[in-house]
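The next block is input14.txt, given as compact mmCIF, C-alpha atoms.
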```txt
# COMPACT_ATOMS: atom_id res chain seq x y z
CA MET A 1 15.78 22.22 -24.79
CA PRO A 2 12.35 23.66 -23.93
CA GLU A 3 11.57 24.64 -20.36
CA ARG A 4 8.19 23.77 -18.88
CA ASN A 5 6.41 24.04 -15.57
CA ILE A 6 4.56 21.03 -14.17
CA VAL A 7 1.25 21.95 -15.83
CA GLU A 8 2.93 22.25 -19.21
CA ALA A 9 4.93 19.06 -18.68
CA ILE A 10 1.77 17.08 -17.91
CA ASN A 11 -0.05 18.60 -20.88
CA ASN A 12 2.90 17.75 -23.11
CA ALA A 13 3.00 14.15 -21.87
CA LEU A 14 -0.73 13.65 -22.40
CA GLY A 15 -0.64 15.09 -25.91
CA GLU A 16 2.34 13.01 -26.98
CA GLU A 17 0.93 9.78 -25.57
CA MET A 18 -2.40 10.41 -27.28
CA GLU A 19 -0.55 10.97 -30.55
CA ARG A 20 1.44 7.77 -30.08
CA ASP A 21 -1.37 5.45 -29.03
CA PRO A 22 -4.95 5.91 -30.27
CA ARG A 23 -6.20 3.91 -27.28
CA VAL A 24 -5.12 6.64 -24.85
CA MET A 25 -7.99 8.91 -23.82
CA VAL A 26 -8.73 11.47 -21.12
CA LEU A 27 -11.87 11.78 -19.05
CA GLY A 28 -12.96 13.83 -16.08
CA LEU A 29 -14.77 16.95 -14.96
CA ASP A 30 -13.92 19.94 -17.16
CA VAL A 31 -11.03 18.22 -18.94
CA GLY A 32 -12.41 19.07 -22.38
CA LYS A 33 -13.85 22.46 -23.14
CA LEU A 34 -12.32 24.14 -20.09
CA GLY A 35 -8.98 22.38 -20.44
CA GLY A 36 -8.96 21.15 -16.86
CA VAL A 37 -9.38 23.04 -13.62
CA PHE A 38 -5.64 23.80 -13.67
CA ARG A 39 -5.43 23.71 -17.51
CA THR A 40 -3.40 20.52 -17.60
CA THR A 41 -5.58 19.20 -20.45
CA SER A 42 -5.73 22.49 -22.32
CA GLY A 43 -6.04 22.09 -26.09
CA LEU A 44 -6.47 18.32 -26.05
CA VAL A 45 -10.13 18.25 -27.07
CA GLU A 46 -9.32 20.47 -30.05
CA ARG A 47 -6.54 18.08 -31.12
CA PHE A 48 -8.16 14.72 -30.41
CA GLY A 49 -11.91 15.35 -30.34
CA GLY A 50 -14.67 14.75 -27.86
CA GLU A 51 -14.57 10.97 -28.09
CA ARG A 52 -11.04 10.85 -26.65
CA VAL A 53 -11.29 13.87 -24.34
CA VAL A 54 -14.51 13.35 -22.46
CA ASP A 55 -16.13 15.87 -20.12
CA THR A 56 -17.90 13.96 -17.39
CA PRO A 57 -20.30 14.89 -14.60
CA LEU A 58 -18.88 15.65 -11.16
CA ALA A 59 -19.03 12.01 -10.12
CA GLU A 60 -15.72 10.49 -9.07
CA ALA A 61 -16.96 6.92 -8.69
CA SER A 62 -18.44 7.06 -12.18
CA ILE A 63 -15.26 8.51 -13.68
CA ILE A 64 -13.15 5.70 -12.20
CA GLY A 65 -15.76 3.01 -12.85
CA ALA A 66 -16.09 4.08 -16.46
CA SER A 67 -12.30 4.03 -16.78
CA LEU A 68 -12.24 0.47 -15.50
CA GLY A 69 -14.80 -0.57 -18.11
CA LEU A 70 -12.96 1.28 -20.86
CA ALA A 71 -9.71 -0.44 -19.90
CA LEU A 72 -11.37 -3.86 -19.98
CA ALA A 73 -12.61 -2.98 -23.47
CA GLY A 74 -9.08 -2.20 -24.59
CA MET A 75 -8.78 1.54 -24.11
CA VAL A 76 -6.08 3.27 -22.02
CA PRO A 77 -7.96 5.84 -19.95
CA VAL A 78 -6.32 8.70 -18.07
CA ALA A 79 -8.93 9.81 -15.57
CA GLU A 80 -8.77 13.11 -13.73
CA ILE A 81 -10.12 13.52 -10.22
CA GLN A 82 -10.04 17.25 -9.70
CA PHE A 83 -8.64 16.97 -6.18
CA LEU A 84 -7.29 13.92 -4.38
CA GLY A 85 -9.40 14.76 -1.35
CA PHE A 86 -12.47 13.89 -3.40
CA SER A 87 -11.09 10.47 -4.26
CA ALA A 88 -13.06 9.34 -1.21
CA GLN A 89 -16.15 9.42 -3.41
CA GLY A 90 -14.44 7.02 -5.83
CA PHE A 91 -12.47 4.98 -3.31
CA HIS A 92 -14.31 1.73 -3.89
CA GLN A 93 -13.71 1.94 -7.61
CA ILE A 94 -10.00 2.60 -7.08
CA GLY A 95 -8.85 0.20 -4.38
CA PRO A 96 -11.33 -2.66 -4.26
CA GLN A 97 -12.16 -2.61 -7.98
CA LEU A 98 -9.22 -1.33 -10.07
CA GLY A 99 -6.64 -2.63 -7.62
CA LYS A 100 -8.02 -6.13 -7.42
CA TYR A 101 -9.25 -6.78 -10.93
CA ARG A 102 -6.15 -8.62 -12.11
CA GLN A 103 -6.22 -10.99 -9.14
CA ARG A 104 -10.01 -11.36 -9.05
CA SER A 105 -9.93 -12.47 -12.69
CA ARG A 106 -6.91 -14.73 -12.05
CA GLY A 107 -4.85 -12.67 -14.45
CA ARG A 108 -7.33 -12.77 -17.31
CA TYR A 109 -7.86 -9.01 -17.18
CA HIS A 110 -5.84 -6.02 -16.20
CA CYS A 111 -6.70 -2.35 -15.83
CA GLN A 112 -4.34 -0.02 -17.67
CA VAL A 113 -5.75 3.10 -16.02
CA THR A 114 -4.00 6.22 -14.79
CA ILE A 115 -5.80 8.40 -12.27
CA ARG A 116 -4.45 11.93 -12.11
CA ALA A 117 -5.26 13.98 -9.01
CA PRO A 118 -3.95 17.36 -7.82
CA PHE A 119 -3.46 17.52 -4.07
CA GLY A 120 -1.73 19.22 -1.18
CA GLY A 121 -1.81 22.51 0.62
CA GLY A 122 -0.45 25.92 -0.12
CA ILE A 123 -3.01 27.23 -2.58
CA ARG A 124 -5.66 28.24 -0.06
CA SER A 125 -8.37 26.04 -1.52
CA PRO A 126 -11.62 25.24 0.34
CA GLU A 127 -12.16 22.24 2.57
CA PHE A 128 -11.65 18.71 1.20
CA HIS A 129 -9.48 19.97 -1.70
CA SER A 130 -6.06 19.84 -0.10
CA ASP A 131 -6.11 16.57 1.83
CA ALA A 132 -2.95 14.51 1.36
CA VAL A 133 -4.45 11.02 1.53
CA GLU A 134 -1.82 9.16 -0.48
CA ALA A 135 -1.10 6.74 2.36
CA GLN A 136 -4.69 5.47 2.25
CA PHE A 137 -4.03 4.13 -1.23
CA VAL A 138 -0.78 2.50 -0.20
CA GLN A 139 -3.07 0.17 1.73
CA THR A 140 -4.91 -0.82 -1.45
CA PRO A 141 -2.68 -3.43 -3.10
CA GLY A 142 -2.68 -3.43 -6.87
CA ILE A 143 -2.37 0.35 -7.24
CA LYS A 144 0.93 2.09 -7.91
CA ILE A 145 1.36 5.46 -6.22
CA VAL A 146 3.34 8.15 -8.05
CA MET A 147 4.29 11.50 -6.52
CA PRO A 148 6.33 13.76 -8.83
CA SER A 149 8.00 16.87 -7.44
CA ASN A 150 9.31 18.65 -10.56
CA PRO A 151 8.44 19.15 -14.24
CA TYR A 152 10.95 16.65 -15.68
CA ASP A 153 9.73 13.86 -13.44
CA ALA A 154 6.09 14.85 -13.94
CA LYS A 155 6.34 14.15 -17.67
CA GLY A 156 8.53 11.07 -17.44
CA LEU A 157 6.54 9.47 -14.65
CA LEU A 158 3.22 10.23 -16.35
CA VAL A 159 4.36 8.58 -19.59
CA GLU A 160 5.52 5.60 -17.53
CA ALA A 161 2.13 5.54 -15.76
CA ILE A 162 0.11 5.62 -18.98
CA ARG A 163 2.17 2.74 -20.42
CA ASP A 164 2.07 0.68 -17.24
CA PRO A 165 -0.35 -2.25 -17.55
CA ASP A 166 -1.48 -1.78 -13.94
CA PRO A 167 -3.55 1.03 -12.42
CA VAL A 168 -1.57 4.05 -11.27
CA LEU A 169 -2.58 6.88 -8.95
CA PHE A 170 -0.64 9.93 -10.13
CA CYS A 171 -0.71 12.66 -7.47
CA GLU A 172 0.17 16.15 -8.68
CA PRO A 173 1.48 18.82 -6.29
CA ASP A 174 -0.84 21.72 -7.11
CA ARG A 175 1.28 24.17 -5.08
CA LEU A 176 4.15 23.56 -7.47
CA TYR A 177 2.12 23.48 -10.70
CA ARG A 178 3.45 26.83 -11.86
CA VAL A 179 6.42 27.34 -9.56
CA GLY A 180 9.34 27.62 -11.91
CA ARG A 181 10.29 25.92 -15.13
CA SER A 182 12.98 23.40 -15.85
CA GLU A 183 14.19 21.53 -18.89
CA VAL A 184 11.60 19.08 -20.17
CA PRO A 185 12.45 17.61 -23.56
CA ASP A 186 10.01 17.18 -26.38
CA GLY A 187 9.35 13.57 -27.27
CA ALA A 188 8.57 10.66 -25.05
CA TYR A 189 10.86 9.55 -22.25
CA THR A 190 10.07 7.65 -19.12
CA VAL A 191 11.16 7.90 -15.52
CA PRO A 192 11.00 4.38 -14.13
CA PHE A 193 8.90 3.61 -11.06
CA GLY A 194 10.70 2.55 -7.90
CA LYS A 195 13.80 4.65 -8.54
CA ALA A 196 14.24 7.42 -5.98
CA ALA A 197 16.30 10.46 -6.91
CA VAL A 198 18.97 12.20 -4.87
CA ALA A 199 17.79 15.79 -5.25
CA ARG A 200 20.74 17.11 -3.24
CA LYS A 201 23.84 15.43 -1.88
CA GLY A 202 24.88 15.87 1.74
CA GLU A 203 26.96 14.25 4.44
CA HIS A 204 25.40 14.89 7.83
CA ILE A 205 21.72 14.04 7.53
CA THR A 206 19.24 12.72 4.95
CA LEU A 207 15.87 14.38 4.38
CA VAL A 208 13.35 12.03 2.77
CA ALA A 209 10.29 13.43 1.02
CA TRP A 210 8.02 13.22 -2.00
CA SER A 211 5.96 15.64 -4.03
CA ALA A 212 5.82 19.25 -2.76
CA ALA A 213 7.65 18.36 0.45
CA VAL A 214 10.78 17.85 -1.65
CA GLU A 215 10.81 21.55 -2.43
CA LEU A 216 10.49 22.32 1.29
CA CYS A 217 13.37 19.99 2.08
CA LEU A 218 15.57 21.60 -0.56
CA ARG A 219 14.92 24.98 1.04
CA ALA A 220 15.76 23.51 4.43
CA ALA A 221 18.97 22.01 3.10
CA GLN A 222 19.97 25.36 1.67
CA ARG A 223 19.38 27.04 5.03
CA LEU A 224 21.25 24.29 6.89
CA GLN A 225 24.23 24.79 4.64
CA GLU A 226 24.52 28.31 6.03
CA GLU A 227 24.81 26.71 9.48
CA GLY A 228 27.51 24.33 8.31
CA VAL A 229 25.18 21.34 8.08
CA SER A 230 25.33 19.30 4.89
CA ALA A 231 21.92 17.73 4.27
CA SER A 232 21.04 15.38 1.45
CA VAL A 233 17.51 15.31 0.05
CA LEU A 234 16.01 12.09 -1.27
CA ASP A 235 12.97 12.36 -3.52
CA LEU A 236 11.14 9.03 -3.39
CA ARG A 237 9.18 9.78 -6.61
CA THR A 238 6.97 6.72 -6.08
CA LEU A 239 5.59 5.29 -2.85
CA VAL A 240 4.48 2.06 -4.54
CA PRO A 241 6.88 0.70 -5.60
CA LEU A 242 9.19 2.03 -2.89
CA ASP A 243 12.91 2.19 -3.69
CA VAL A 244 14.12 0.57 -0.48
CA GLU A 245 17.63 0.08 -1.80
CA THR A 246 18.30 3.76 -2.52
CA LEU A 247 16.52 4.79 0.68
CA CYS A 248 18.75 2.58 2.81
CA THR A 249 21.89 3.42 0.86
CA GLU A 250 21.38 7.16 1.25
CA VAL A 251 20.41 7.06 4.93
CA ALA A 252 23.30 4.72 5.72
CA LYS A 253 25.70 7.35 4.38
CA THR A 254 24.62 9.91 6.99
CA GLY A 255 23.19 7.72 9.76
CA ARG A 256 20.47 10.27 10.42
CA CYS A 257 17.12 10.77 8.76
CA VAL A 258 14.15 13.14 8.86
CA VAL A 259 11.06 12.25 6.84
CA VAL A 260 8.84 15.15 5.76
CA HIS A 261 5.31 14.87 4.39
CA GLU A 262 2.13 16.92 4.13
CA ALA A 263 -0.19 14.17 5.33
CA PRO A 264 -1.07 13.89 9.03
CA LEU A 265 1.60 12.26 11.18
CA SER A 266 -0.16 9.14 12.43
CA ALA A 267 0.01 6.24 9.96
CA GLY A 268 1.33 8.56 7.28
CA PHE A 269 3.81 7.09 4.83
CA GLY A 270 6.60 8.47 6.99
CA ALA A 271 5.80 5.72 9.46
CA GLU A 272 6.47 3.14 6.74
CA ILE A 273 9.78 4.80 5.91
CA SER A 274 10.75 4.85 9.57
CA ALA A 275 9.81 1.20 10.06
CA THR A 276 11.68 0.17 6.93
CA LEU A 277 14.83 1.91 8.12
CA MET A 278 14.52 0.32 11.55
CA GLU A 279 14.18 -3.12 9.98
CA GLN A 280 16.91 -2.78 7.40
CA LEU A 281 19.35 -0.29 8.83
CA PHE A 282 19.10 -0.39 12.61
CA TYR A 283 22.81 -0.68 13.32
CA ASP A 284 23.72 2.10 10.88
CA LEU A 285 21.46 4.70 12.48
CA ASP A 286 23.07 7.25 14.79
CA ALA A 287 19.73 8.75 15.88
CA PRO A 288 16.04 7.86 15.82
CA VAL A 289 14.31 8.57 12.52
CA ALA A 290 12.32 11.79 12.91
CA ARG A 291 9.11 12.74 11.14
CA VAL A 292 7.81 16.21 10.28
CA ALA A 293 4.22 16.06 9.12
CA ALA A 294 0.87 17.76 9.35
CA TYR A 295 -0.89 17.48 12.69
CA ASP A 296 -3.47 14.77 13.32
CA VAL A 297 -6.35 17.15 12.72
CA PRO A 298 -8.55 17.90 9.69
CA PHE A 299 -7.02 20.09 6.99
CA PRO A 300 -8.03 23.56 8.20
CA ALA A 301 -9.46 26.68 6.63
CA ALA A 302 -7.14 28.55 4.29
CA SER A 303 -6.02 31.11 6.87
CA LEU A 304 -4.68 28.33 9.11
CA GLU A 305 -2.85 26.33 6.45
CA ASP A 306 0.54 27.66 7.44
CA HIS A 307 0.08 26.46 11.02
CA TYR A 308 -0.99 23.02 9.88
CA LEU A 309 1.49 22.14 7.16
CA PRO A 310 5.11 21.22 7.81
CA SER A 311 7.07 24.47 7.84
CA LEU A 312 10.67 25.36 7.23
CA ASP A 313 11.10 26.04 10.95
CA ARG A 314 9.70 22.67 11.93
CA VAL A 315 11.99 20.87 9.50
CA LEU A 316 15.02 22.80 10.77
CA THR A 317 14.08 22.08 14.38
CA ALA A 318 13.75 18.35 13.66
CA VAL A 319 17.09 18.31 11.87
CA ARG A 320 18.89 20.08 14.72
CA LYS A 321 17.36 17.75 17.29
CA THR A 322 18.31 14.70 15.23
CA LEU A 323 21.86 15.95 14.85
CA GLU A 324 22.12 16.40 18.62
CA SER A 325 20.91 12.86 19.34
CA MET B 326 -54.57 24.34 -3.80
CA GLY B 327 -53.63 27.78 -2.56
CA LEU B 328 -50.34 26.65 -1.06
CA TRP B 329 -48.22 29.19 -2.96
CA ASP B 330 -48.81 32.63 -4.42
CA GLN B 331 -46.87 35.82 -5.10
CA ARG B 332 -47.57 37.20 -1.64
CA ARG B 333 -46.28 34.01 0.02
CA GLU B 334 -43.20 33.96 -2.25
CA ALA B 335 -42.35 37.57 -1.40
CA SER B 336 -42.75 36.83 2.28
CA VAL B 337 -40.51 33.73 2.21
CA THR B 338 -37.93 35.54 0.07
CA GLU B 339 -37.76 38.39 2.55
CA GLU B 340 -37.60 35.98 5.48
CA LEU B 341 -34.71 34.03 3.93
CA ARG B 342 -32.89 37.20 2.88
CA SER B 343 -33.01 38.44 6.46
CA GLU B 344 -31.76 35.10 7.72
CA ILE B 345 -28.84 35.11 5.28
CA ASP B 346 -27.99 38.75 6.08
CA ALA B 347 -27.95 37.95 9.79
CA ALA B 348 -25.71 34.93 9.19
CA LEU B 349 -23.29 37.02 7.11
CA GLU B 350 -23.24 39.73 9.75
CA ALA B 351 -22.46 37.17 12.44
CA ALA B 352 -19.75 35.63 10.29
CA PHE B 353 -18.07 38.98 9.61
CA ALA B 354 -18.28 39.90 13.29
CA ALA B 355 -16.71 36.64 14.43
CA PRO B 356 -13.03 36.77 15.37
CA LEU B 357 -10.62 35.35 12.84
CA PRO B 358 -9.59 31.76 13.55
CA THR B 359 -6.28 31.20 15.31
CA ALA B 360 -3.91 28.29 15.46
CA ARG B 361 -5.76 27.13 18.58
CA ASP B 362 -8.80 26.43 16.39
CA LEU B 363 -6.89 23.71 14.55
CA PHE B 364 -7.36 21.42 17.52
CA ASP B 365 -10.77 22.48 18.80
CA ASN B 366 -14.04 20.65 18.28
CA ILE B 367 -12.57 17.49 16.85
CA TYR B 368 -12.92 15.17 19.83
CA GLU B 369 -14.76 15.39 23.13
CA HIS B 370 -11.69 13.72 24.63
CA PRO B 371 -8.67 14.25 22.34
CA PRO B 372 -6.12 11.43 22.12
CA GLU B 373 -2.85 12.00 23.95
CA ARG B 374 -0.90 12.40 20.73
CA VAL B 375 -3.21 15.21 19.57
CA VAL B 376 -2.89 16.91 22.96
CA ARG B 377 0.87 16.72 22.61
CA GLN B 378 0.79 18.12 19.07
CA ARG B 379 -1.38 20.99 20.26
CA ALA B 380 1.19 21.82 22.92
CA GLN B 381 3.97 21.64 20.37
CA LEU B 382 2.28 24.15 18.13
CA LEU B 383 0.84 26.54 20.69
CA ASP B 384 3.47 26.39 23.43
CA GLY B 385 6.52 25.48 21.45
CA GLN B 386 6.96 22.32 23.49
CA PRO B 387 9.27 19.68 22.00
```
Could you write out this file's structure as structure tokens?
Amino acid sequence: MPERNIVEAINNALGEEMERDPRVMVLGLDVGKLGGVFRTTSGLVERFGGERVVDTPLAEASIIGASLGLALAGMVPVAEIQFLGFSAQGFHQIGPQLGKYRQRSRGRYHCQVTIRAPFGGGIRSPEFHSDAVEAQFVQTPGIKIVMPSNPYDAKGLLVEAIRDPDPVLFCEPDRLYRVGRSEVPDGAYTVPFGKAAVARKGEHITLVAWSAAVELCLRAAQRLQEEGVSASVLDLRTLVPLDVETLCTEVAKTGRCVVVHEAPLSAGFGAEISATLMEQLFYDLDAPVARVAAYDVPFPAASLEDHYLPSLDRVLTAVRKTLES
Amino acid sequence: MGLWDQRREASVTEELRSEIDAALEAAFAAPLPTARDLFDNIYEHPPERVVRQRAQLLDGQP
């Protein structure tokens, strides 16, 4: 079976879906001739032409708004916003427009649109590029939020997103784009939304994460094993829909939970996880749910990234404290 | 109208070049940012939670 990194897995998914369905098209800044800022759309314009792989101006609201119109006209657009932090410029077109169109039209119309957006820290990019603002979109009903952490899931979840009749925000962990390869089969397969994955089994504590934070949690679990602590790692895969059943099942097994994410602490999605566990699992918890997140400050200059982002040490400290509770 | 000519353009170019050079010099002479800078100049009166996070990072407080 071929091995691919996340960039190659996404490129493979896009190419196969465009082969399968002539309605599928790609649009965004530099997606054509350049092949995408991270080369995720490399070679697509040569295969499918400029009418299905459309270079656009640097105008996020226009990219999303045009995608909405294309979807209403029967196309299946996959829009690329070069960095999630710049989704602010297109926010109205995503939440209030794409997210509400089905309800506003009383079900007459739907928007089969996928918005791809790299995000997250660790690549030393300039300001606004690295912001992890996924939780903002959780508050825009009508949008599904997908957060792959590995190449296999990146392809399977993207195929699922493209085929989903509702709008999907597909957030790509740019730090992991080229970090290692794993088996990613040729040919279409889907990873269903709302099905979290147990990335590592453990008995003493459950680490809950999504996207690049999963990789951090796996490193933490490996280190904890050396201390005799058996930590499980749960990869949520999608925030909307949230797999509450697997979340509660896995945390109930250990009775202790640490949520790790790259977004700032306050009102981050970790708060939703914590509240859900309190509501559904209160009597099975042996310790308060802990959160390890970025600080409640703006994403800093590149040289300060390592102070800002959740670190291995901070995860280990939170785990030890939770185990002592 | 006489508002712009080669002499005026050369003068403005030189003026702006000097301004940019001075800014670069000041930038290179400035100390590198530290972790403390993460929390500076965000609020006049930082919320308690931010104050606590600052202490966690800088002083290792729990």
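Minimum atom-to-atom distance to chain A, evaluated using only C-alpha atoms, belongs to B:Ala380 out of B:Asp346, B:Ala354, B:Val337, B:Ala380.
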For chain B, work out the contacting residues on chain A at 10 Å, counting only C-alpha atoms, and write them as a compact mmCIF listing (two decimals) with C-alpha atoms, in the coordinates of the input.
```txt
# COMPACT_ATOMS: atom_id res chain seq x y z
CA LEU A 265 1.60 12.26 11.18
CA SER A 266 -0.16 9.14 12.43
CA ALA A 294 0.87 17.76 9.35
CA TYR A 295 -0.89 17.48 12.69
CA ASP A 296 -3.47 14.77 13.32
CA VAL A 297 -6.35 17.15 12.72
CA PRO A 298 -8.55 17.90 9.69
CA PHE A 299 -7.02 20.09 6.99
CA PRO A 300 -8.03 23.56 8.20
CA ALA A 301 -9.46 26.68 6.63
CA SER A 303 -6.02 31.11 6.87
CA LEU A 304 -4.68 28.33 9.11
CA GLU A 305 -2.85 26.33 6.45
CA ASP A 306 0.54 27.66 7.44
CA HIS A 307 0.08 26.46 11.02
CA TYR A 308 -0.99 23.02 9.88
CA ARG A 314 9.70 22.67 11.93
CA THR A 317 14.08 22.08 14.38
CA ALA A 318 13.75 18.35 13.66
CA LYS A 321 17.36 17.75 17.29
```
Calculate how many Å separate CA of Leu349 (chain B) from CA of Arg333 (chain B), rounding to one decimal.
24.2 Å
At a cut-off of 10 Å from (9.4, 24.9, -28.6) in the coordinates of the file, what residues are picked up using all atoms listed in the file, written as a compact mmCIF listing (two decimals) with C-alpha atoms, keeping the file's coordinate frame?
```
# COMPACT_ATOMS: atom_id res chain seq x y z
CA MET A 1 15.78 22.22 -24.79
CA PRO A 2 12.35 23.66 -23.93
CA GLU A 3 11.57 24.64 -20.36
CA ARG A 4 8.19 23.77 -18.88
CA PRO A 185 12.45 17.61 -23.56
CA ASP A 186 10.01 17.18 -26.38
```
Close residues, Leu27 (chain A) itself excluded, 9 Å, only C-alpha atoms, min 5 positions apart in chain, as a ChimeraX atom specification
/A:32,52-56,63,67,77-80
Give, as JSON, the centre coordinates and the x, y and z edge lengths in Å to one decimal for an axis-aligned box around all listed atoms of region 354-369 of chain B, padded by 4 Å on each side.
```
{"center_x": -11.1, "center_y": 27.5, "center_z": 18.0, "size_x": 22.4, "size_y": 32.7, "size_z": 18.3}
```
Who sits within 10 Å of Glu46 (chain A), all atoms listed in the file, same chain under 3 positions skipped, as an mmCIF file with C-alpha atoms, in the frame of the given file:
```
data_model
loop_
_atom_site.group_PDB
_atom_site.id
_atom_site.type_symbol
_atom_site.label_atom_id
_atom_site.label_comp_id
_atom_site.auth_asym_id
_atom_site.auth_seq_id
_atom_site.Cartn_x
_atom_site.Cartn_y
_atom_site.Cartn_z
ATOM 1 C CA GLY A 32 -12.410 19.070 -22.380
ATOM 2 C CA LYS A 33 -13.850 22.460 -23.140
ATOM 3 C CA GLY A 35 -8.980 22.380 -20.440
ATOM 4 C CA SER A 42 -5.730 22.490 -22.320
ATOM 5 C CA GLY A 43 -6.040 22.090 -26.090
ATOM 6 C CA GLY A 49 -11.910 15.350 -30.340
ATOM 7 C CA GLY A 50 -14.670 14.750 -27.860
ATOM 8 C CA VAL A 53 -11.290 13.870 -24.340
#
```
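Distance annotation: of A:Phe193, A:Tyr177, A:Phe86, A:Phe48, the residue with the minimal separation from Glu17 (chain A) is A:Phe48; atom set is only C-alpha atoms.
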Excluding Asp235 (chain A) and its own-chain neighbours fewer than 4 positions away, which residues fall within 7 Å of it when counting only C-alpha atoms? Please give them as a PDB file with C-alpha atoms, keeping the file's coordinate frame.
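Wrote it out as out_2.pdb, contents follow:
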```
ATOM      1  CA  ALA A 196      14.240   7.420  -5.980  1.00  0.00           C
ATOM      2  CA  ALA A 197      16.300  10.460  -6.910  1.00  0.00           C
ATOM      3  CA  VAL A 198      18.970  12.200  -4.870  1.00  0.00           C
ATOM      4  CA  ALA A 199      17.790  15.790  -5.250  1.00  0.00           C
ATOM      5  CA  VAL A 208      13.350  12.030   2.770  1.00  0.00           C
ATOM      6  CA  ALA A 209      10.290  13.430   1.020  1.00  0.00           C
ATOM      7  CA  TRP A 210       8.020  13.220  -2.000  1.00  0.00           C
ATOM      8  CA  VAL A 214      10.780  17.850  -1.650  1.00  0.00           C
TER       9      VAL A 214
END
```
Would you tabulate, counting all atoms listed in the file, all residues of region 83-111 of chain A that have an atom at most 10 Å from an atom of region 130-137 of chain A, showing the closest pair of atoms and their distance in Å to one decimal, sorted by chain then ascending number, as a Markdown table?
```
| residue | atom | partner | partner_atom | distance |
| --- | --- | --- | --- | --- |
| A:Phe83 | CA | A:Ser130 | CA | 7.2 |
| A:Leu84 | CA | A:Asp131 | CA | 6.9 |
| A:Gly85 | CA | A:Asp131 | CA | 4.9 |
| A:Phe86 | CA | A:Asp131 | CA | 8.7 |
| A:Ser87 | CA | A:Val133 | CA | 8.8 |
| A:Ala88 | CA | A:Val133 | CA | 9.2 |
| A:Phe91 | CA | A:Phe137 | CA | 8.7 |
| A:Ile94 | CA | A:Phe137 | CA | 8.5 |
| A:Gly95 | CA | A:Phe137 | CA | 7.0 |
| A:Gly99 | CA | A:Phe137 | CA | 9.7 |
```
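The coordinates place CA of Glu262 (chain A) at 5.5 Å from CA of Ala293 (chain A).
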Polymer residues at most 7 Å from Gln112 (chain A), all atoms listed in the file, same-chain spacing of 5 or more positions, as a ChimeraX atom specification
/A:71,76,164-167
Please return as an MDAnalysis selection string every residue within 7 Å of (3.4, 10.7, -11.3), taking into account all atoms listed in the file and the file's own coordinates.
chainID A and resid 146:148 154 157:158 161 170:172
